[in-house]
$ cat run.cif   # mmCIF, C-alpha atoms and all ligand atoms
data_upload
#
loop_
_atom_site.label_atom_id
_atom_site.label_comp_id
_atom_site.auth_asym_id
_atom_site.auth_seq_id
_atom_site.Cartn_x
_atom_site.Cartn_y
_atom_site.Cartn_z
CA MET A 1 -2.40 -29.58 18.32
CA VAL A 2 1.16 -28.43 17.47
CA ALA A 3 3.78 -30.20 19.65
CA GLN A 4 4.82 -27.96 22.52
CA PRO A 5 8.51 -27.01 22.90
CA LYS A 6 10.58 -28.63 25.62
CA LEU A 7 10.15 -26.50 28.74
CA THR A 8 12.30 -26.33 31.88
CA PHE A 9 10.96 -24.06 34.60
CA TYR A 10 13.30 -22.62 37.25
CA THR A 11 11.35 -21.53 40.26
CA SER A 12 11.21 -21.12 44.00
CA VAL A 13 7.95 -21.80 45.79
CA VAL A 14 8.41 -18.81 48.08
CA CYS A 15 8.68 -16.29 45.22
CA PRO A 16 5.57 -14.40 44.03
CA TYR A 17 7.14 -13.61 40.64
CA ALA A 18 7.87 -17.29 40.07
CA GLN A 19 4.34 -18.19 41.11
CA ARG A 20 2.98 -16.02 38.30
CA ALA A 21 4.72 -18.22 35.74
CA ALA A 22 3.76 -21.39 37.66
CA ILE A 23 0.07 -20.41 37.56
CA ALA A 24 0.22 -19.66 33.82
CA LEU A 25 1.91 -23.03 33.10
CA ASN A 26 -0.71 -24.78 35.20
CA GLU A 27 -3.60 -22.92 33.51
CA VAL A 28 -2.53 -24.00 30.01
CA GLY A 29 -1.74 -27.56 31.08
CA ALA A 30 1.88 -27.33 29.89
CA GLU A 31 4.24 -30.25 30.39
CA TYR A 32 7.54 -29.11 31.85
CA GLU A 33 10.46 -30.08 33.99
CA LYS A 34 10.56 -28.13 37.27
CA VAL A 35 13.85 -27.10 38.89
CA GLU A 36 13.50 -25.63 42.41
CA ILE A 37 16.23 -23.06 43.11
CA ASP A 38 17.30 -22.46 46.71
CA LEU A 39 17.48 -18.66 46.76
CA GLN A 40 19.72 -18.59 49.85
CA ASN A 41 22.18 -20.97 48.23
CA LYS A 42 21.91 -20.59 44.47
CA PRO A 43 23.80 -23.13 42.37
CA ALA A 44 26.74 -21.64 40.41
CA TRP A 45 25.40 -23.03 37.10
CA TYR A 46 22.20 -20.99 37.44
CA LYS A 47 23.88 -17.82 36.11
CA ASP A 48 24.12 -19.61 32.72
CA VAL A 49 20.32 -19.86 32.72
CA ASN A 50 19.68 -16.34 34.04
CA PRO A 51 22.67 -13.99 34.43
CA GLU A 52 20.57 -11.99 36.95
CA THR A 53 20.34 -15.25 38.99
CA LYS A 54 16.69 -14.55 39.77
CA VAL A 55 13.68 -16.80 39.51
CA PRO A 56 11.58 -17.36 37.53
CA ALA A 57 13.30 -18.42 34.31
CA LEU A 58 12.21 -20.76 31.56
CA THR A 59 14.20 -22.74 29.02
CA VAL A 60 12.21 -23.14 25.83
CA ASP A 61 13.99 -25.78 23.75
CA ASP A 62 17.51 -24.20 23.84
CA TYR A 63 16.60 -20.63 24.76
CA ASN A 64 16.63 -19.19 28.27
CA ILE A 65 14.15 -16.45 29.11
CA ALA A 66 13.45 -14.60 32.37
CA GLU A 67 11.12 -11.96 33.89
CA SER A 68 7.78 -13.09 35.21
CA LEU A 69 5.54 -10.81 33.12
CA VAL A 70 7.40 -11.81 29.95
CA LEU A 71 7.10 -15.50 30.86
CA VAL A 72 3.37 -15.29 31.54
CA GLU A 73 2.80 -13.67 28.13
CA LEU A 74 5.09 -16.23 26.51
CA VAL A 75 3.10 -19.09 28.03
CA ASN A 76 -0.06 -17.47 26.66
CA ASP A 77 1.52 -17.15 23.21
CA LEU A 78 2.70 -20.79 23.26
CA PHE A 79 -0.82 -21.97 24.18
CA PRO A 80 -3.06 -19.36 22.50
CA GLU A 81 -6.10 -21.65 22.52
CA LYS A 82 -6.28 -21.25 26.32
CA LYS A 83 -6.95 -17.53 25.83
CA LEU A 84 -5.28 -16.11 28.92
CA LEU A 85 -5.34 -12.82 26.99
CA PRO A 86 -8.48 -11.80 25.05
CA ASP A 87 -8.18 -10.85 21.35
CA ASN A 88 -9.45 -7.30 21.83
CA ALA A 89 -6.51 -4.85 21.79
CA LEU A 90 -8.09 -2.44 24.28
CA LYS A 91 -8.89 -5.23 26.75
CA ARG A 92 -5.30 -6.45 26.49
CA ALA A 93 -4.05 -2.95 27.26
CA GLN A 94 -6.46 -2.62 30.20
CA ILE A 95 -5.23 -5.92 31.63
CA ARG A 96 -1.59 -4.80 31.34
CA PHE A 97 -2.45 -1.43 32.89
CA PHE A 98 -4.18 -3.10 35.84
CA VAL A 99 -1.18 -5.36 36.49
CA GLU A 100 1.19 -2.41 36.24
CA TYR A 101 -1.00 -0.41 38.64
CA TRP A 102 -1.05 -3.19 41.24
CA SER A 103 2.69 -3.82 40.81
CA SER A 104 3.69 -0.19 41.23
CA LYS A 105 1.19 0.95 43.89
CA ILE A 106 0.46 -2.07 46.09
CA SER A 107 3.33 -4.56 45.84
CA PRO A 108 6.13 -2.20 46.99
CA GLN A 109 4.20 -1.54 50.22
CA GLN A 110 4.96 -5.13 51.24
CA TRP A 111 8.65 -4.25 51.53
CA LYS A 112 7.80 -1.05 53.44
CA ILE A 113 5.86 -3.18 55.95
CA ILE A 114 8.71 -5.68 56.37
CA GLY A 115 11.09 -2.74 56.71
CA ASN A 116 8.90 -1.16 59.41
CA LEU A 117 8.18 -4.12 61.63
CA GLU A 118 9.13 -2.07 64.70
CA ASP A 119 7.52 1.16 63.58
CA LYS A 120 3.73 1.38 63.63
CA GLU A 121 3.66 4.81 62.02
CA GLY A 122 5.76 3.61 59.11
CA ARG A 123 3.37 0.71 58.59
CA GLN A 124 0.36 3.03 58.79
CA THR A 125 1.82 5.05 55.91
CA ALA A 126 2.05 1.83 53.89
CA TYR A 127 -1.57 0.94 54.75
CA ASN A 128 -2.69 4.45 53.76
CA ASP A 129 -0.93 4.13 50.40
CA ILE A 130 -2.53 0.72 49.84
CA ASN A 131 -5.98 2.05 50.73
CA ALA A 132 -5.60 5.01 48.36
CA ALA A 133 -4.67 2.58 45.56
CA LEU A 134 -7.60 0.28 46.40
CA VAL A 135 -10.03 3.11 45.58
CA ARG A 136 -8.71 3.11 42.01
CA ILE A 137 -8.46 -0.67 41.87
CA ASN A 138 -12.13 -0.89 42.79
CA GLU A 139 -12.96 1.56 39.97
CA LEU A 140 -10.87 -0.40 37.47
CA LEU A 141 -12.62 -3.64 38.42
CA LEU A 142 -16.10 -2.08 38.19
CA GLU A 143 -15.21 -0.56 34.82
CA GLN A 144 -14.68 -4.10 33.50
CA SER A 145 -17.68 -5.73 35.14
CA GLN A 146 -20.05 -5.09 38.05
CA GLU A 147 -19.54 -8.69 39.16
CA GLY A 148 -16.46 -10.86 39.51
CA PRO A 149 -14.88 -13.01 40.42
CA TYR A 150 -12.10 -12.04 38.01
CA PHE A 151 -10.73 -8.79 36.63
CA LEU A 152 -12.73 -9.20 33.42
CA GLY A 153 -15.76 -10.61 35.26
CA LYS A 154 -16.39 -14.29 34.50
CA GLU A 155 -13.37 -14.64 32.17
CA TYR A 156 -10.03 -15.56 33.79
CA SER A 157 -6.99 -13.76 32.36
CA ILE A 158 -3.39 -12.72 32.83
CA ALA A 159 -4.59 -9.90 35.10
CA ASP A 160 -5.64 -12.51 37.67
CA VAL A 161 -2.50 -14.62 37.16
CA ASN A 162 -0.15 -11.70 37.79
CA VAL A 163 -1.87 -10.11 40.78
CA ALA A 164 -2.84 -13.18 42.84
CA PRO A 165 0.62 -14.13 44.23
CA PHE A 166 1.18 -10.60 45.52
CA ALA A 167 -2.31 -10.05 46.93
CA TYR A 168 -2.13 -13.31 48.86
CA ARG A 169 1.37 -12.72 50.26
CA LEU A 170 0.48 -9.23 51.46
CA LYS A 171 -2.39 -10.68 53.50
CA VAL A 172 -0.19 -13.45 54.92
CA LEU A 173 2.57 -10.99 55.78
CA VAL A 174 0.33 -8.57 57.69
CA SER A 175 -1.71 -11.33 59.38
CA HIS A 176 1.46 -13.13 60.47
CA PHE A 177 3.19 -10.19 62.13
CA PHE A 178 0.23 -7.98 63.07
CA LYS A 179 -3.00 -9.97 63.21
CA ASP A 180 -5.19 -6.99 64.13
CA GLU A 181 -3.76 -4.68 61.52
CA ILE A 182 -5.18 -6.60 58.55
CA GLU A 183 -8.39 -4.65 59.28
CA LEU A 184 -6.53 -1.42 58.59
CA ILE A 185 -6.30 -2.45 54.95
CA ASP A 186 -9.55 -1.86 53.04
CA PHE A 187 -9.65 -5.28 51.37
CA ALA A 188 -13.19 -5.93 52.63
CA LYS A 189 -14.54 -2.40 52.07
CA TYR A 190 -15.40 -2.86 48.39
CA PRO A 191 -17.51 -5.95 47.50
CA ARG A 192 -16.00 -6.14 44.00
CA VAL A 193 -12.42 -6.07 45.39
CA LYS A 194 -13.32 -8.65 48.02
CA GLU A 195 -14.85 -10.97 45.44
CA PHE A 196 -11.85 -10.49 43.14
CA LEU A 197 -9.31 -11.36 45.86
CA ALA A 198 -11.28 -14.46 46.84
CA GLY A 199 -11.77 -15.51 43.21
CA ILE A 200 -8.14 -15.29 42.16
CA THR A 201 -6.83 -17.10 45.23
CA GLU A 202 -9.48 -19.84 45.17
CA ARG A 203 -8.67 -20.79 41.58
CA ASP A 204 -7.23 -24.35 41.26
CA SER A 205 -4.08 -23.15 39.48
CA PHE A 206 -3.37 -20.80 42.38
CA LYS A 207 -3.94 -23.44 45.04
CA ALA A 208 -1.74 -25.92 43.16
CA THR A 209 1.19 -23.49 43.10
CA ILE A 210 1.07 -21.66 46.46
CA ALA A 211 3.28 -22.53 49.42
CA SER A 212 1.51 -23.10 52.74
CA GLU A 213 0.86 -20.07 54.95
CA GLU A 214 3.27 -21.54 57.54
CA TYR A 215 6.02 -21.85 54.93
CA LEU A 216 5.54 -18.27 53.78
CA ALA A 217 5.42 -17.03 57.36
CA GLN A 218 8.75 -18.76 58.04
CA ALA A 219 10.21 -17.10 54.95
CA TYR A 220 9.06 -13.72 56.29
CA GLU A 221 10.72 -14.49 59.63
CA LYS A 222 13.97 -15.15 57.79
CA ALA A 223 13.53 -11.93 55.82
CA ARG A 224 13.02 -10.11 59.13
CA GLU A 225 16.34 -11.54 60.37
CA ARG A 226 18.12 -10.47 57.17
CA PHE A 227 16.68 -6.93 57.49
CA ALA A 228 17.78 -6.75 61.14
CA ALA A 229 21.31 -7.99 60.28
CA ALA A 230 21.58 -5.49 57.42
CA ALA A 231 20.44 -2.65 59.73
CA LYS A 232 23.21 -3.47 62.23
CA LYS A 233 25.98 -3.23 59.58
N1 LIG B 301 11.50 -8.64 37.91
C1 LIG B 301 11.70 -10.04 38.22
C2 LIG B 301 11.86 -10.18 39.72
C3 LIG B 301 12.23 -11.61 40.13
C4 LIG B 301 12.77 -11.64 41.55
O1 LIG B 301 13.05 -10.61 42.17
N2 LIG B 301 12.94 -12.87 42.08
C5 LIG B 301 13.55 -13.01 43.40
C6 LIG B 301 12.82 -13.98 44.29
S1 LIG B 301 11.19 -13.46 44.67
C7 LIG B 301 14.94 -13.61 43.23
O2 LIG B 301 15.15 -14.49 42.44
N3 LIG B 301 15.89 -13.13 44.03
C8 LIG B 301 17.19 -13.70 44.05
C9 LIG B 301 18.23 -12.69 44.18
O3 LIG B 301 17.92 -11.50 44.02
O4 LIG B 301 19.36 -13.05 44.40
C10 LIG B 301 10.53 -10.84 37.68
O5 LIG B 301 9.44 -10.26 37.52
O6 LIG B 301 10.70 -12.02 37.36
#

$ encode --input "run.cif" --output "structure tokens"
Amino acid sequence: MVAQPKLTFYTSVVCPYAQRAAIALNEVGAEYEKVEIDLQNKPAWYKDVNPETKVPALTVDDYNIAESLVLVELVNDLFPEKKLLPDNALKRAQIRFFVEYWSSKISPQQWKIIGNLEDKEGRQTAYNDINAALVRINELLLEQSQEGPYFLGKEYSIADVNVAPFAYRLKVLVSHFFKDEIELIDFAKYPRVKEFLAGITERDSFKATIASEEYLAQAYEKARERFAAAAKK
């Protein structure tokens, strides 16, 4: 095996983008130094690593690189034998399309829900948008394989890495603030979607990199306070 480059991973356990990179690093068994960044009190030196001052970022030998989707693909390219992306060009494109679809249709609804904590109708609109997207997500999953647990079926890939942190946090967010409303989201309506969500969040690399539900719930409480303070300004 070729020696791996020296890796330093800048992360924050609360961040779903950072968890994507953490899962990928875990999946390939990379050795790396981990630097936890306090997002509410970022160290001044961090802008030299990532001028955007966001997590995740990775230093590979002397080079700093950011953006979760880029990092996940980089980890795959550094450890190609782990095959987080299949060789087939069409499959690779379908994986990237699926991640883009989830990221653009489902993930933004999380912020709409946090922004509408006092407004049930606003939340219902977010749930409706999620449910409309789940119809297509179910089709995309079935197109790959009738059975899960992963996007491709039995084979784990970058599709699962990139979606899991967001799928899990959406469930925690809704269950924390509005226990009964989780049923308004059609997660359980489609067996293939249900199996997929269970499969990607039961994977060892996911469990090794996720913060506890209590920790995430606290982070959402703080986000609620920040939203309320911003609304008063
Ligand atoms: N597009 C970026 C988004 C990363 C991102 O938004 N990270 C958040 C934490 S979840 C962050 O670092 N925020 C700090 C800030 O905006 O000051 C990616 O995919 O890596």

$ residues_near_ligand --input "run.cif" --ligand "ligand LIG 301 (chain B)" --cutoff "10 Å" --atoms "all atoms listed in the file" --output "ChimeraX atom specification"
/A:10-21,37-42,50,52-57,65-72,103,162

$ residues_around --input "run.cif" --residues "A:Leu140" --least-positions-apart "5" --cutoff "9 Å" --atoms "all atoms listed in the file" --output "PyMOL selection string"
chain A and resi 94+98+135+145+151

$ write_last_selection --input "run.cif" --atoms "C-alpha atoms" --output "PDB file, in the coordinates of the input"
ATOM      1  CA  GLN A  94      -6.460  -2.620  30.200  1.00  0.00           C
ATOM      2  CA  PHE A  98      -4.180  -3.100  35.840  1.00  0.00           C
ATOM      3  CA  VAL A 135     -10.030   3.110  45.580  1.00  0.00           C
ATOM      4  CA  SER A 145     -17.680  -5.730  35.140  1.00  0.00           C
ATOM      5  CA  PHE A 151     -10.730  -8.790  36.630  1.00  0.00           C
TER       6      PHE A 151
END

$ closest_residue --input "run.cif" --among "A:Leu84, A:Val60, A:Val99, A:Ile200" --to "A:Ile137" --atoms "all atoms listed in the file"
A:Val99

$ residues_around --input "run.cif" --residues "A:Val172" --least-positions-apart "6" --cutoff "8 Å" --atoms "all atoms listed in the file" --output "PyMOL selection string"
chain A and resi 213+216-217

$ write_last_selection --input "run.cif" --atoms "C-alpha atoms" --output "PDB file, in the frame of the given file"
ATOM      1  CA  GLU A 213       0.860 -20.070  54.950  1.00  0.00           C
ATOM      2  CA  LEU A 216       5.540 -18.270  53.780  1.00  0.00           C
ATOM      3  CA  ALA A 217       5.420 -17.030  57.360  1.00  0.00           C
TER       4      ALA A 217
END

$ closest_residue --input "run.cif" --among "A:Lys6, A:Arg169, A:Thr209, A:Gln144" --to "A:Ile114" --atoms "only C-alpha atoms"
A:Arg169

$ closest_atom_pairs --input "run.cif" --of "stretch 72-151 of chain A" --to "stretch 173-195 of chain A" --cutoff "6 Å" --atoms "only C-alpha atoms" --output "CSV"
residue,atom,partner,partner_atom,distance
A:Tyr127,CA,A:Ile185,CA,5.8
A:Asn131,CA,A:Asp186,CA,5.8
A:Asn138,CA,A:Val193,CA,5.8
A:Pro149,CA,A:Glu195,CA,5.4

$ write_last_selection --input "run.cif" --atoms "C-alpha atoms" --output "PDB file, keeping the file's coordinate frame"
ATOM      1  CA  TYR A 127      -1.570   0.940  54.750  1.00  0.00           C
ATOM      2  CA  ASN A 131      -5.980   2.050  50.730  1.00  0.00           C
ATOM      3  CA  ASN A 138     -12.130  -0.890  42.790  1.00  0.00           C
ATOM      4  CA  PRO A 149     -14.880 -13.010  40.420  1.00  0.00           C
TER       5      PRO A 149
END

$ closest_residue --input "run.cif" --among "A:Ile158, A:Leu58, A:Ala30, A:Ala208" --to "A:Phe97" --atoms "only C-alpha atoms"
A:Ile158

$ atom_distance --input "run.cif" --atom1 "atom CA of A:Pro165" --atom2 "atom CA of A:Ile23"
9.2 Å

$ closest_residue --input "run.cif" --among "A:Gln109, A:Asn26, A:Ala164, A:Leu141" --to "A:Gln124" --atoms "all atoms listed in the file"
A:Gln109

$ atom_distance --input "run.cif" --atom1 "atom CA of A:Phe79" --atom2 "atom CA of A:Ser104"
28.0 Å

$ atom_distance --input "run.cif" --atom1 "atom CA of A:Gly29" --atom2 "atom CA of A:Tyr46"
25.6 Å

$ closest_residue --input "run.cif" --among "A:Pro5, A:Val75, A:Asp62, A:Val161" --to "A:Lys207" --atoms "all atoms listed in the file"
A:Val161

$ closest_residue --input "run.cif" --among "A:Leu74, A:Phe196, A:Glu118, A:Asp48" --to "A:Leu142" --atoms "all atoms listed in the file"
A:Phe196

$ residues_around --input "run.cif" --residues "A:Tyr150" --least-positions-apart "4" --cutoff "7 Å" --atoms "only C-alpha atoms" --output "VMD selection string"
chain A and resid 154 to 156 160 196 199 to 200
